[in-house]
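Have a look at protein10.cif below; it lists mmCIF, C-alpha atoms and all ligand atoms.
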data_structure
loop_
_atom_site.group_PDB
_atom_site.id
_atom_site.type_symbol
_atom_site.label_atom_id
_atom_site.label_comp_id
_atom_site.auth_asym_id
_atom_site.auth_seq_id
_atom_site.Cartn_x
_atom_site.Cartn_y
_atom_site.Cartn_z
ATOM 1 C CA MET A 21 82.353 89.529 106.364
ATOM 2 C CA THR A 22 82.844 93.219 105.538
ATOM 3 C CA ASP A 23 86.515 94.097 104.906
ATOM 4 C CA ARG A 24 87.740 97.125 106.826
ATOM 5 C CA TYR A 25 89.862 99.987 105.502
ATOM 6 C CA CYS A 26 90.605 103.479 106.771
ATOM 7 C CA VAL A 27 92.636 106.645 106.331
ATOM 8 C CA PHE A 28 95.032 107.811 109.055
ATOM 9 C CA GLY A 29 95.901 111.487 109.384
ATOM 10 C CA ASN A 30 96.105 114.403 111.824
ATOM 11 C CA PRO A 31 93.893 116.357 111.327
ATOM 12 C CA ILE A 32 91.501 114.024 109.525
ATOM 13 C CA ALA A 33 87.922 115.319 109.977
ATOM 14 C CA HIS A 34 88.084 117.157 106.621
ATOM 15 C CA SER A 35 89.056 114.030 104.649
ATOM 16 C CA LYS A 36 86.995 113.203 101.569
ATOM 17 C CA SER A 37 88.448 109.676 101.365
ATOM 18 C CA PRO A 38 85.633 107.884 103.286
ATOM 19 C CA ARG A 39 83.052 109.371 100.912
ATOM 20 C CA ILE A 40 85.127 108.511 97.820
ATOM 21 C CA HIS A 41 85.712 104.901 98.866
ATOM 22 C CA ALA A 42 82.061 104.437 99.890
ATOM 23 C CA LEU A 43 81.047 105.576 96.385
ATOM 24 C CA PHE A 44 83.627 103.215 94.806
ATOM 25 C CA ALA A 45 82.406 100.288 96.945
ATOM 26 C CA ARG A 46 78.763 100.900 96.043
ATOM 27 C CA GLN A 47 79.570 101.259 92.352
ATOM 28 C CA THR A 48 81.660 98.049 92.182
ATOM 29 C CA GLY A 49 79.565 95.984 94.648
ATOM 30 C CA GLN A 50 82.569 95.430 96.945
ATOM 31 C CA ASP A 51 81.732 94.583 100.559
ATOM 32 C CA LEU A 52 83.934 96.967 102.537
ATOM 33 C CA SER A 53 83.849 99.756 105.088
ATOM 34 C CA TYR A 54 86.181 102.771 105.172
ATOM 35 C CA ALA A 55 86.662 105.064 108.171
ATOM 36 C CA ALA A 56 88.694 108.185 108.969
ATOM 37 C CA ILE A 57 90.961 107.675 111.994
ATOM 38 C CA LEU A 58 92.730 110.473 113.863
ATOM 39 C CA ALA A 59 96.150 109.102 114.848
ATOM 40 C CA PRO A 60 97.975 110.966 117.643
ATOM 41 C CA LEU A 61 101.052 112.801 116.339
ATOM 42 C CA ASP A 62 103.262 110.556 118.488
ATOM 43 C CA GLY A 63 101.148 107.436 118.069
ATOM 44 C CA PHE A 64 100.914 106.642 114.360
ATOM 45 C CA ALA A 65 102.581 103.212 114.476
ATOM 46 C CA ALA A 66 100.485 102.058 117.440
ATOM 47 C CA SER A 67 97.264 103.195 115.735
ATOM 48 C CA VAL A 68 98.119 101.281 112.569
ATOM 49 C CA ARG A 69 99.103 98.154 114.507
ATOM 50 C CA ASP A 70 95.808 98.258 116.452
ATOM 51 C CA PHE A 71 93.811 98.604 113.247
ATOM 52 C CA ALA A 72 95.632 95.720 111.531
ATOM 53 C CA ALA A 73 95.378 93.504 114.639
ATOM 54 C CA ALA A 74 91.615 94.119 114.712
ATOM 55 C CA GLY A 75 91.328 92.718 111.167
ATOM 56 C CA GLY A 76 91.917 95.847 109.058
ATOM 57 C CA ARG A 77 92.924 94.964 105.476
ATOM 58 C CA GLY A 78 94.463 98.258 104.361
ATOM 59 C CA ALA A 79 94.840 101.956 105.037
ATOM 60 C CA ASN A 80 95.514 105.235 103.315
ATOM 61 C CA ILE A 81 97.946 107.617 104.945
ATOM 62 C CA THR A 82 97.781 111.390 104.751
ATOM 63 C CA VAL A 83 99.477 114.426 106.289
ATOM 64 C CA PRO A 84 101.706 114.271 108.328
ATOM 65 C CA PHE A 85 102.374 110.512 108.362
ATOM 66 C CA LYS A 86 103.436 109.571 104.819
ATOM 67 C CA GLU A 87 107.171 109.468 105.608
ATOM 68 C CA GLU A 88 106.572 107.590 108.851
ATOM 69 C CA ALA A 89 104.455 105.058 106.949
ATOM 70 C CA PHE A 90 107.361 104.653 104.523
ATOM 71 C CA ARG A 91 109.626 103.661 107.417
ATOM 72 C CA PHE A 92 106.926 101.524 109.071
ATOM 73 C CA ALA A 93 106.141 99.299 106.055
ATOM 74 C CA THR A 94 107.871 95.894 105.937
ATOM 75 C CA ALA A 95 107.925 95.927 102.105
ATOM 76 C CA LEU A 96 107.751 98.741 99.545
ATOM 77 C CA THR A 97 106.642 98.943 95.921
ATOM 78 C CA PRO A 98 109.184 100.553 93.541
ATOM 79 C CA ARG A 99 107.018 103.668 93.206
ATOM 80 C CA ALA A 100 106.838 104.058 97.013
ATOM 81 C CA GLU A 101 110.600 103.573 97.172
ATOM 82 C CA ALA A 102 111.109 106.351 94.590
ATOM 83 C CA ALA A 103 108.632 108.665 96.328
ATOM 84 C CA GLY A 104 110.192 108.196 99.771
ATOM 85 C CA ALA A 105 106.642 108.274 101.117
ATOM 86 C CA VAL A 106 103.699 105.880 101.459
ATOM 87 C CA ASN A 107 100.014 106.726 101.088
ATOM 88 C CA THR A 108 98.642 103.173 100.831
ATOM 89 C CA LEU A 109 99.262 100.246 103.199
ATOM 90 C CA SER A 110 98.084 96.657 102.683
ATOM 91 C CA PHE A 111 98.055 94.223 105.614
ATOM 92 C CA SER A 112 98.521 90.479 105.129
ATOM 93 C CA GLY A 113 99.600 88.348 108.090
ATOM 94 C CA GLU A 114 102.750 89.965 109.472
ATOM 95 C CA SER A 115 103.457 91.799 106.204
ATOM 96 C CA ILE A 116 102.720 95.515 105.780
ATOM 97 C CA ARG A 117 103.197 96.545 102.154
ATOM 98 C CA GLY A 118 103.681 100.251 101.457
ATOM 99 C CA ASP A 119 102.676 101.773 98.130
ATOM 100 C CA ASN A 120 102.311 105.308 96.777
ATOM 101 C CA THR A 121 99.438 106.048 94.399
ATOM 102 C CA ASP A 122 99.704 109.881 94.359
ATOM 103 C CA GLY A 123 101.826 110.082 91.204
ATOM 104 C CA ALA A 124 99.700 107.596 89.303
ATOM 105 C CA GLY A 125 96.644 109.619 90.370
ATOM 106 C CA LEU A 126 98.114 112.876 89.089
ATOM 107 C CA VAL A 127 99.160 111.385 85.750
ATOM 108 C CA ARG A 128 95.790 109.718 85.242
ATOM 109 C CA ASP A 129 93.935 112.954 86.000
ATOM 110 C CA ILE A 130 96.082 114.943 83.564
ATOM 111 C CA ALA A 131 96.261 112.368 80.772
ATOM 112 C CA HIS A 132 92.827 110.749 81.006
ATOM 113 C CA ASN A 133 90.389 113.156 82.676
ATOM 114 C CA LEU A 134 91.878 116.358 81.271
ATOM 115 C CA GLY A 135 92.972 114.783 77.976
ATOM 116 C CA PHE A 136 96.439 116.356 78.081
ATOM 117 C CA ALA A 137 99.177 114.169 76.533
ATOM 118 C CA ILE A 138 102.371 114.531 78.592
ATOM 119 C CA ALA A 139 104.757 112.880 76.099
ATOM 120 C CA GLY A 140 107.054 115.407 74.419
ATOM 121 C CA LYS A 141 105.936 118.293 76.656
ATOM 122 C CA ARG A 142 108.074 120.654 78.766
ATOM 123 C CA ILE A 143 107.128 120.238 82.436
ATOM 124 C CA LEU A 144 107.743 122.647 85.290
ATOM 125 C CA LEU A 145 107.161 121.083 88.704
ATOM 126 C CA ILE A 146 107.013 123.696 91.469
ATOM 127 C CA GLY A 147 107.803 122.510 95.009
ATOM 128 C CA ALA A 148 110.229 120.032 96.538
ATOM 129 C CA GLY A 149 108.204 118.523 99.375
ATOM 130 C CA GLY A 150 106.629 115.081 99.642
ATOM 131 C CA ALA A 151 104.010 115.715 96.949
ATOM 132 C CA ALA A 152 106.581 116.843 94.378
ATOM 133 C CA ARG A 153 108.910 113.930 95.091
ATOM 134 C CA GLY A 154 106.054 111.447 94.747
ATOM 135 C CA VAL A 155 105.017 112.538 91.263
ATOM 136 C CA ILE A 156 108.407 112.854 89.515
ATOM 137 C CA LEU A 157 108.887 109.209 88.520
ATOM 138 C CA PRO A 158 105.336 108.724 87.161
ATOM 139 C CA LEU A 159 105.730 111.982 85.178
ATOM 140 C CA LEU A 160 109.099 110.898 83.746
ATOM 141 C CA ASP A 161 107.516 107.560 82.761
ATOM 142 C CA GLN A 162 105.304 109.559 80.352
ATOM 143 C CA SER A 163 108.407 110.637 78.330
ATOM 144 C CA PRO A 164 108.171 114.432 78.587
ATOM 145 C CA ALA A 165 110.657 116.489 76.524
ATOM 146 C CA ALA A 166 112.074 118.081 79.693
ATOM 147 C CA THR A 167 111.220 118.215 83.393
ATOM 148 C CA ILE A 168 112.425 120.968 85.692
ATOM 149 C CA VAL A 169 111.796 121.316 89.410
ATOM 150 C CA ALA A 170 111.782 124.777 91.023
ATOM 151 C CA ASN A 171 111.416 125.553 94.699
ATOM 152 C CA ARG A 172 111.551 128.486 97.138
ATOM 153 C CA THR A 173 114.429 126.753 98.902
ATOM 154 C CA ALA A 174 116.601 126.170 95.841
ATOM 155 C CA ALA A 175 118.863 123.610 97.524
ATOM 156 C CA LYS A 176 115.900 121.277 98.072
ATOM 157 C CA ALA A 177 114.970 121.457 94.385
ATOM 158 C CA ALA A 178 118.583 120.804 93.399
ATOM 159 C CA GLU A 179 118.746 117.783 95.697
ATOM 160 C CA LEU A 180 115.511 116.348 94.294
ATOM 161 C CA ALA A 181 116.599 117.024 90.722
ATOM 162 C CA THR A 182 119.906 115.244 91.266
ATOM 163 C CA ALA A 183 118.128 112.215 92.714
ATOM 164 C CA PHE A 184 116.027 111.868 89.551
ATOM 165 C CA GLY A 185 118.600 113.063 86.981
ATOM 166 C CA ILE A 186 116.646 116.202 86.021
ATOM 167 C CA GLU A 187 117.246 119.953 86.296
ATOM 168 C CA GLY A 188 116.340 121.931 89.425
ATOM 169 C CA GLY A 189 116.873 125.187 91.270
ATOM 170 C CA GLY A 190 115.275 128.399 92.525
ATOM 171 C CA PHE A 191 112.597 130.469 90.771
ATOM 172 C CA GLU A 192 115.229 132.755 89.207
ATOM 173 C CA SER A 193 116.409 129.815 87.073
ATOM 174 C CA LEU A 194 113.065 129.999 85.209
ATOM 175 C CA ALA A 195 113.667 133.414 83.630
ATOM 176 C CA GLY A 196 113.180 133.351 79.871
ATOM 177 C CA ARG A 197 111.792 129.804 79.819
ATOM 178 C CA ALA A 198 108.341 128.522 78.870
ATOM 179 C CA PHE A 199 106.538 125.292 79.793
ATOM 180 C CA ASP A 200 103.571 123.322 78.427
ATOM 181 C CA LEU A 201 102.606 121.810 81.788
ATOM 182 C CA VAL A 202 103.136 123.704 85.042
ATOM 183 C CA ILE A 203 102.309 121.760 88.218
ATOM 184 C CA ASN A 204 102.074 123.536 91.560
ATOM 185 C CA ALA A 205 103.063 120.998 94.221
ATOM 186 C CA THR A 206 103.649 123.640 96.905
ATOM 187 C CA SER A 207 101.361 124.459 99.803
ATOM 188 C CA ALA A 208 101.666 128.207 99.007
ATOM 189 C CA GLY A 209 97.919 128.312 98.252
ATOM 190 C CA LEU A 210 97.111 127.487 101.867
ATOM 191 C CA SER A 211 98.565 130.821 102.994
ATOM 192 C CA ASP A 212 97.357 132.707 99.906
ATOM 193 C CA ALA A 213 100.994 133.341 98.898
ATOM 194 C CA THR A 214 101.984 134.333 95.362
ATOM 195 C CA LEU A 215 104.740 132.349 93.647
ATOM 196 C CA PRO A 216 107.424 134.545 92.051
ATOM 197 C CA LEU A 217 107.041 133.041 88.575
ATOM 198 C CA PRO A 218 108.720 135.026 85.794
ATOM 199 C CA GLU A 219 106.684 136.378 82.887
ATOM 200 C CA GLY A 220 106.273 133.903 80.033
ATOM 201 C CA VAL A 221 106.522 130.732 82.094
ATOM 202 C CA PHE A 222 103.123 129.535 80.802
ATOM 203 C CA ALA A 223 103.606 128.643 77.096
ATOM 204 C CA PRO A 224 100.664 129.009 74.692
ATOM 205 C CA GLY A 225 98.352 125.990 75.201
ATOM 206 C CA CYS A 226 99.783 125.425 78.685
ATOM 207 C CA LEU A 227 97.958 123.384 81.319
ATOM 208 C CA ALA A 228 98.448 124.754 84.846
ATOM 209 C CA TYR A 229 97.741 122.128 87.492
ATOM 210 C CA GLU A 230 97.204 123.166 91.126
ATOM 211 C CA MET A 231 97.487 120.173 93.465
ATOM 212 C CA LEU A 232 95.401 121.900 96.112
ATOM 213 C CA TYR A 233 91.630 121.694 95.745
ATOM 214 C CA GLY A 234 88.615 123.408 97.228
ATOM 215 C CA ARG A 235 89.845 126.960 96.703
ATOM 216 C CA GLU A 236 90.942 129.345 93.959
ATOM 217 C CA THR A 237 94.647 129.979 94.613
ATOM 218 C CA ARG A 238 96.868 132.816 93.435
ATOM 219 C CA PHE A 239 98.717 130.312 91.239
ATOM 220 C CA MET A 240 95.434 129.538 89.461
ATOM 221 C CA ALA A 241 94.733 133.243 89.002
ATOM 222 C CA GLN A 242 98.277 133.858 87.704
ATOM 223 C CA ALA A 243 97.908 131.015 85.194
ATOM 224 C CA ARG A 244 94.451 132.126 84.030
ATOM 225 C CA ALA A 245 95.728 135.673 83.515
ATOM 226 C CA ALA A 246 98.521 134.248 81.324
ATOM 227 C CA GLY A 247 95.962 132.364 79.195
ATOM 228 C CA ALA A 248 96.658 128.855 80.542
ATOM 229 C CA ALA A 249 94.012 126.168 81.048
ATOM 230 C CA VAL A 250 93.682 125.568 84.801
ATOM 231 C CA ALA A 251 92.859 122.457 86.841
ATOM 232 C CA ASP A 252 92.726 121.830 90.583
ATOM 233 C CA GLY A 253 93.779 118.695 92.485
ATOM 234 C CA LEU A 254 90.365 117.158 93.140
ATOM 235 C CA GLY A 255 90.790 114.823 90.161
ATOM 236 C CA MET A 256 94.176 113.708 91.513
ATOM 237 C CA LEU A 257 92.583 112.994 94.886
ATOM 238 C CA VAL A 258 89.895 110.794 93.329
ATOM 239 C CA GLU A 259 92.385 109.053 91.006
ATOM 240 C CA GLN A 260 94.913 108.249 93.761
ATOM 241 C CA ALA A 261 92.002 106.774 95.725
ATOM 242 C CA ALA A 262 90.925 104.694 92.708
ATOM 243 C CA GLU A 263 94.481 103.385 92.349
ATOM 244 C CA ALA A 264 94.535 102.430 96.057
ATOM 245 C CA PHE A 265 91.134 100.732 95.648
ATOM 246 C CA PHE A 266 92.605 98.760 92.725
ATOM 247 C CA VAL A 267 95.671 97.795 94.801
ATOM 248 C CA TRP A 268 93.417 96.432 97.564
ATOM 249 C CA ARG A 269 90.522 94.941 95.613
ATOM 250 C CA GLY A 270 91.839 94.244 92.096
ATOM 251 C CA VAL A 271 88.889 96.229 90.700
ATOM 252 C CA ARG A 272 89.218 99.642 89.030
ATOM 253 C CA PRO A 273 86.265 101.942 89.777
ATOM 254 C CA ASP A 274 84.881 104.387 87.223
ATOM 255 C CA THR A 275 86.060 107.714 88.646
ATOM 256 C CA ALA A 276 84.027 110.090 86.429
ATOM 257 C CA PRO A 277 80.705 109.825 88.342
ATOM 258 C CA VAL A 278 82.525 110.032 91.688
ATOM 259 C CA LEU A 279 84.419 113.159 90.647
ATOM 260 C CA ALA A 280 81.166 114.693 89.372
ATOM 261 C CA GLU A 281 79.487 113.902 92.717
ATOM 262 C CA LEU A 282 82.332 115.552 94.668
ATOM 263 C CA ARG A 283 82.267 118.629 92.450
ATOM 264 C CA LYS A 284 78.643 119.167 93.527
ATOM 265 C CA GLY A 285 79.993 119.731 97.047
HETATM 266 P P1 LIG B 1 105.349 119.756 102.091
HETATM 267 O O1 LIG B 1 105.111 120.465 103.348
HETATM 268 O O2 LIG B 1 106.152 118.494 102.070
HETATM 269 O O3 LIG B 1 106.070 120.758 101.028
HETATM 270 C C1 LIG B 1 105.615 122.077 100.896
HETATM 271 C C2 LIG B 1 106.237 122.715 99.660
HETATM 272 O O4 LIG B 1 105.596 123.972 99.443
HETATM 273 C C3 LIG B 1 107.732 122.993 99.779
HETATM 274 O O5 LIG B 1 108.328 122.838 98.520
HETATM 275 C C4 LIG B 1 107.743 124.464 100.228
HETATM 276 O O6 LIG B 1 108.928 125.164 99.866
HETATM 277 C C5 LIG B 1 106.586 124.997 99.423
HETATM 278 N N1 LIG B 1 106.000 126.223 99.974
HETATM 279 C C6 LIG B 1 105.260 126.354 101.102
HETATM 280 N N2 LIG B 1 104.870 127.634 101.264
HETATM 281 C C7 LIG B 1 105.380 128.341 100.221
HETATM 282 C C8 LIG B 1 105.326 129.698 99.826
HETATM 283 N N3 LIG B 1 104.681 130.608 100.551
HETATM 284 N N4 LIG B 1 105.954 130.073 98.685
HETATM 285 C C9 LIG B 1 106.620 129.155 97.937
HETATM 286 N N5 LIG B 1 106.713 127.841 98.262
HETATM 287 C C10 LIG B 1 106.096 127.444 99.385
HETATM 288 O O7 LIG B 1 103.901 119.526 101.449
HETATM 289 P P2 LIG B 1 103.453 118.378 100.428
HETATM 290 O O8 LIG B 1 104.509 118.248 99.390
HETATM 291 O O9 LIG B 1 103.032 117.163 101.160
HETATM 292 O O10 LIG B 1 102.102 118.999 99.778
HETATM 293 C C11 LIG B 1 102.135 120.105 98.902
HETATM 294 C C12 LIG B 1 100.726 120.439 98.456
HETATM 295 O O11 LIG B 1 100.184 119.416 97.615
HETATM 296 C C13 LIG B 1 99.754 120.591 99.622
HETATM 297 O O12 LIG B 1 99.032 121.789 99.447
HETATM 298 C C14 LIG B 1 98.840 119.397 99.512
HETATM 299 O O13 LIG B 1 97.536 119.708 99.945
HETATM 300 C C15 LIG B 1 98.860 119.096 98.029
HETATM 301 N N6 LIG B 1 98.598 117.659 97.748
HETATM 302 C C16 LIG B 1 97.489 117.331 97.008
HETATM 303 C C17 LIG B 1 97.209 115.986 96.725
HETATM 304 C C18 LIG B 1 95.980 115.643 95.929
HETATM 305 O O14 LIG B 1 95.600 114.469 95.900
HETATM 306 N N7 LIG B 1 95.358 116.573 95.254
HETATM 307 C C19 LIG B 1 98.081 114.902 97.189
HETATM 308 C C20 LIG B 1 99.238 115.356 97.934
HETATM 309 C C21 LIG B 1 99.466 116.689 98.206
HETATM 310 P P3 LIG B 1 110.225 125.176 100.838
HETATM 311 O O15 LIG B 1 110.959 123.914 100.564
HETATM 312 O O16 LIG B 1 110.974 126.380 100.408
HETATM 313 O O17 LIG B 1 109.717 125.268 102.249
#
Please express the file's structure as structure tokens.
Amino acid sequence: MTDRYCVFGNPIAHSKSPRIHALFARQTGQDLSYAAILAPLDGFAASVRDFAAAGGRGANITVPFKEEAFRFATALTPRAEAAGAVNTLSFSGESIRGDNTDGAGLVRDIAHNLGFAIAGKRILLIGAGGAARGVILPLLDQSPAATIVANRTAAKAAELATAFGIEGGGFESLAGRAFDLVINATSAGLSDATLPLPEGVFAPGCLAYEMLYGRETRFMAQARAAGAAVADGLGMLVEQAAEAFFVWRGVRPDTAPVLAELRKG
């Protein structure tokens, strides 16, 4: 019998996850289906319960339900616990296990696909929302030389930094400092906003990573102008999906052909 999976979000029509998981399933010969489900803003828990009761085996969770999924899960993996958010649920009897594969996806894209070794590097993480929180622990696991979080609302960066024992503050705290890896985990690109990054923030040989994908953002333009190598978040999207696929099926898909397929549009 075909095992059923899905992604819950609102909105959800734009999601690339059904296509990614269909490509993974075909490549690995796994018998599964994967749908996109629009959960009402006030009806996330009921939608998930219905799906699980109808035999669903697992689900991905996207905006705006990741924190609600964190509270809804009956058990959490350590990386979901650290992230304070869940993007992957696994159903087994009465148990609903919550996991978070976003950070693993980001690290794998940077280290493996882009060939950038994180160990010993100076990291600037911009943003203090769910995406930033979710990637801090996996980044720290790579033994960077230093990790700093900067955010428009400085207090949120400071709070996040304290929780993980790193440094954090507003953009003004970056003056006179340079970084080897600059990750934009803000949604500023959605509104075409420019981040007030001081001159010199991108060190020679820097990799600038924009978590958004599907558009050229001002952050990407800023980084290019400063001579940095630039990547968007499509690789992270495919890698977090591959990690979720592995959690569910115990099989790790080859992401390179899937990423190449998505890049074609
Ligand atoms: P949140 O809404 O939780 O956080 C938004 C963050 O962006 C906050 O730090 C906020 O700062 C900051 N921000 C928003 N607008 C501006 C602006 N104009 N100038 C400066 N800072 C701004 O979002 P998420 O953390 O969930 O997601 C962040 C981004 O990461 C999204 O664009 C999302 O698409 C992307 N993402 C990509 C993934 C992938 O697989 N590639 C996975 C997950 C997320 P403040 O605190 O001051 O409001």
Quick one: residues within 12 Å of Ala42 (chain A), only C-alpha atoms counted, chain neighbours fewer than 2 positions away excluded, as a short mmCIF file (atom, residue, chain, number, x, y, z; two decimals) with C-alpha atoms, in the frame of the given file?
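Writing done, so here's part-v3.cif:
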data_model
loop_
_atom_site.label_atom_id
_atom_site.label_comp_id
_atom_site.auth_asym_id
_atom_site.auth_seq_id
_atom_site.Cartn_x
_atom_site.Cartn_y
_atom_site.Cartn_z
CA ARG A 24 87.74 97.12 106.83
CA TYR A 25 89.86 99.99 105.50
CA CYS A 26 90.60 103.48 106.77
CA LYS A 36 87.00 113.20 101.57
CA SER A 37 88.45 109.68 101.36
CA PRO A 38 85.63 107.88 103.29
CA ARG A 39 83.05 109.37 100.91
CA ILE A 40 85.13 108.51 97.82
CA PHE A 44 83.63 103.22 94.81
CA ALA A 45 82.41 100.29 96.94
CA ARG A 46 78.76 100.90 96.04
CA GLN A 47 79.57 101.26 92.35
CA THR A 48 81.66 98.05 92.18
CA GLY A 49 79.56 95.98 94.65
CA GLN A 50 82.57 95.43 96.94
CA ASP A 51 81.73 94.58 100.56
CA LEU A 52 83.93 96.97 102.54
CA SER A 53 83.85 99.76 105.09
CA TYR A 54 86.18 102.77 105.17
CA ALA A 55 86.66 105.06 108.17
CA ALA A 56 88.69 108.18 108.97
CA ALA A 261 92.00 106.77 95.72
CA ALA A 262 90.92 104.69 92.71
CA PHE A 265 91.13 100.73 95.65
CA PRO A 273 86.26 101.94 89.78
CA VAL A 278 82.52 110.03 91.69
#
Apply the PyMOL selection byres (((chain A and resi 128) around 12) and not hetatm) to the file shown and report the selected residues as a PDB file with C-alpha atoms, in the frame of the given file.
ATOM      1  CA  THR A 121      99.438 106.048  94.399  1.00  0.00           C
ATOM      2  CA  ASP A 122      99.704 109.881  94.359  1.00  0.00           C
ATOM      3  CA  GLY A 123     101.826 110.082  91.204  1.00  0.00           C
ATOM      4  CA  ALA A 124      99.700 107.596  89.303  1.00  0.00           C
ATOM      5  CA  GLY A 125      96.644 109.619  90.370  1.00  0.00           C
ATOM      6  CA  LEU A 126      98.114 112.876  89.089  1.00  0.00           C
ATOM      7  CA  VAL A 127      99.160 111.385  85.750  1.00  0.00           C
ATOM      8  CA  ASP A 129      93.935 112.954  86.000  1.00  0.00           C
ATOM      9  CA  ILE A 130      96.082 114.943  83.564  1.00  0.00           C
ATOM     10  CA  ALA A 131      96.261 112.368  80.772  1.00  0.00           C
ATOM     11  CA  HIS A 132      92.827 110.749  81.006  1.00  0.00           C
ATOM     12  CA  ASN A 133      90.389 113.156  82.676  1.00  0.00           C
ATOM     13  CA  LEU A 134      91.878 116.358  81.271  1.00  0.00           C
ATOM     14  CA  GLY A 135      92.972 114.783  77.976  1.00  0.00           C
ATOM     15  CA  PHE A 136      96.439 116.356  78.081  1.00  0.00           C
ATOM     16  CA  ALA A 137      99.177 114.169  76.533  1.00  0.00           C
ATOM     17  CA  ILE A 138     102.371 114.531  78.592  1.00  0.00           C
ATOM     18  CA  VAL A 155     105.017 112.538  91.263  1.00  0.00           C
ATOM     19  CA  PRO A 158     105.336 108.724  87.161  1.00  0.00           C
ATOM     20  CA  LEU A 159     105.730 111.982  85.178  1.00  0.00           C
ATOM     21  CA  GLN A 162     105.304 109.559  80.352  1.00  0.00           C
ATOM     22  CA  GLY A 253      93.779 118.695  92.485  1.00  0.00           C
ATOM     23  CA  GLY A 255      90.790 114.823  90.161  1.00  0.00           C
ATOM     24  CA  MET A 256      94.176 113.708  91.513  1.00  0.00           C
ATOM     25  CA  LEU A 257      92.583 112.994  94.886  1.00  0.00           C
ATOM     26  CA  VAL A 258      89.895 110.794  93.329  1.00  0.00           C
ATOM     27  CA  GLU A 259      92.385 109.053  91.006  1.00  0.00           C
ATOM     28  CA  GLN A 260      94.913 108.249  93.761  1.00  0.00           C
ATOM     29  CA  ALA A 261      92.002 106.774  95.725  1.00  0.00           C
ATOM     30  CA  ALA A 262      90.925 104.694  92.708  1.00  0.00           C
ATOM     31  CA  GLU A 263      94.481 103.385  92.349  1.00  0.00           C
ATOM     32  CA  THR A 275      86.060 107.714  88.646  1.00  0.00           C
ATOM     33  CA  ALA A 276      84.027 110.090  86.429  1.00  0.00           C
TER      34      ALA A 276
END
Residues of chain A at most 9 Å from ligand LIG 1 (chain B): nearest atom pair and distance in Å, all atoms listed in the file, as a tab-separated table:
residue	atom	partner	partner_atom	distance
A:Thr82	CA	B:LIG1	C20	8.0
A:Val83	CA	B:LIG1	O9	6.8
A:Pro84	CA	B:LIG1	O9	7.8
A:Lys86	CA	B:LIG1	O9	8.4
A:Asp122	CA	B:LIG1	C19	6.0
A:Gly123	CA	B:LIG1	C19	8.5
A:Gly125	CA	B:LIG1	O14	7.4
A:Leu126	CA	B:LIG1	O14	7.4
A:Ile146	CA	B:LIG1	O5	7.2
A:Gly147	CA	B:LIG1	O5	3.6
A:Ala148	CA	B:LIG1	O5	3.9
A:Gly149	CA	B:LIG1	O2	3.4
A:Gly150	CA	B:LIG1	O8	3.8
A:Ala151	CA	B:LIG1	O8	3.6
A:Ala152	CA	B:LIG1	O8	5.6
A:Arg153	CA	B:LIG1	O8	7.5
A:Gly154	CA	B:LIG1	O8	8.4
A:Ala170	CA	B:LIG1	O5	8.5
A:Asn171	CA	B:LIG1	O5	5.6
A:Arg172	CA	B:LIG1	O16	3.9
A:Thr173	CA	B:LIG1	O16	3.8
A:Ala174	CA	B:LIG1	O16	7.3
A:Ala175	CA	B:LIG1	O15	8.5
A:Lys176	CA	B:LIG1	O15	6.1
A:Ala177	CA	B:LIG1	O15	7.8
A:Asn204	CA	B:LIG1	O11	7.6
A:Ala205	CA	B:LIG1	O11	4.7
A:Thr206	CA	B:LIG1	O4	3.2
A:Ser207	CA	B:LIG1	O12	3.6
A:Ala208	CA	B:LIG1	C7	3.9
A:Gly209	CA	B:LIG1	O12	6.7
A:Leu210	CA	B:LIG1	O12	6.5
A:Ser211	CA	B:LIG1	N3	6.6
A:Asp212	CA	B:LIG1	N3	7.6
A:Ala213	CA	B:LIG1	N3	4.9
A:Thr214	CA	B:LIG1	N4	6.7
A:Leu215	CA	B:LIG1	N4	5.7
A:Pro216	CA	B:LIG1	C9	8.0
A:Glu230	CA	B:LIG1	N7	8.0
A:Met231	CA	B:LIG1	C16	4.5
A:Leu232	CA	B:LIG1	C15	4.8
A:Tyr233	CA	B:LIG1	N7	6.4
A:Asp252	CA	B:LIG1	N7	7.5
A:Gly253	CA	B:LIG1	N7	3.8
A:Leu254	CA	B:LIG1	N7	5.5
A:Gly255	CA	B:LIG1	N7	7.1
A:Met256	CA	B:LIG1	O14	4.7
A:Leu257	CA	B:LIG1	O14	3.5
A:Val258	CA	B:LIG1	O14	7.3
A:Glu259	CA	B:LIG1	O14	8.0
A:Gln260	CA	B:LIG1	O14	6.6
A:Ala261	CA	B:LIG1	O14	8.5
*Report the residues retrieved by the PyMOL selection byres (((chain A and resi 198-201) around 9) and not hetatm) from the displayed file, expressed as a PyMOL selection string.*
chain A and resi 138+141-145+194-197+202-203+219-229
*Tell me which of A:Glu101, A:Glu179, A:Glu88, A:Asp161 sits closest to Ala66 (chain A), counting all atoms listed in the file.*
A:Glu88
_Report, in Å with one decimal, the straight-line distance from CA of Glu236 (chain A) to CA of Lys284 (chain A)._
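Atom-to-atom, CA of Glu236 (chain A) to CA of Lys284 (chain A), that is 16.0 Å.
Here, the PyMOL selection byres (((chain A and resi 165) around 7) and not hetatm) matches Ala139, Gly140, Lys141, Arg142, Ser163, Pro164 and Ala166 of chain A.
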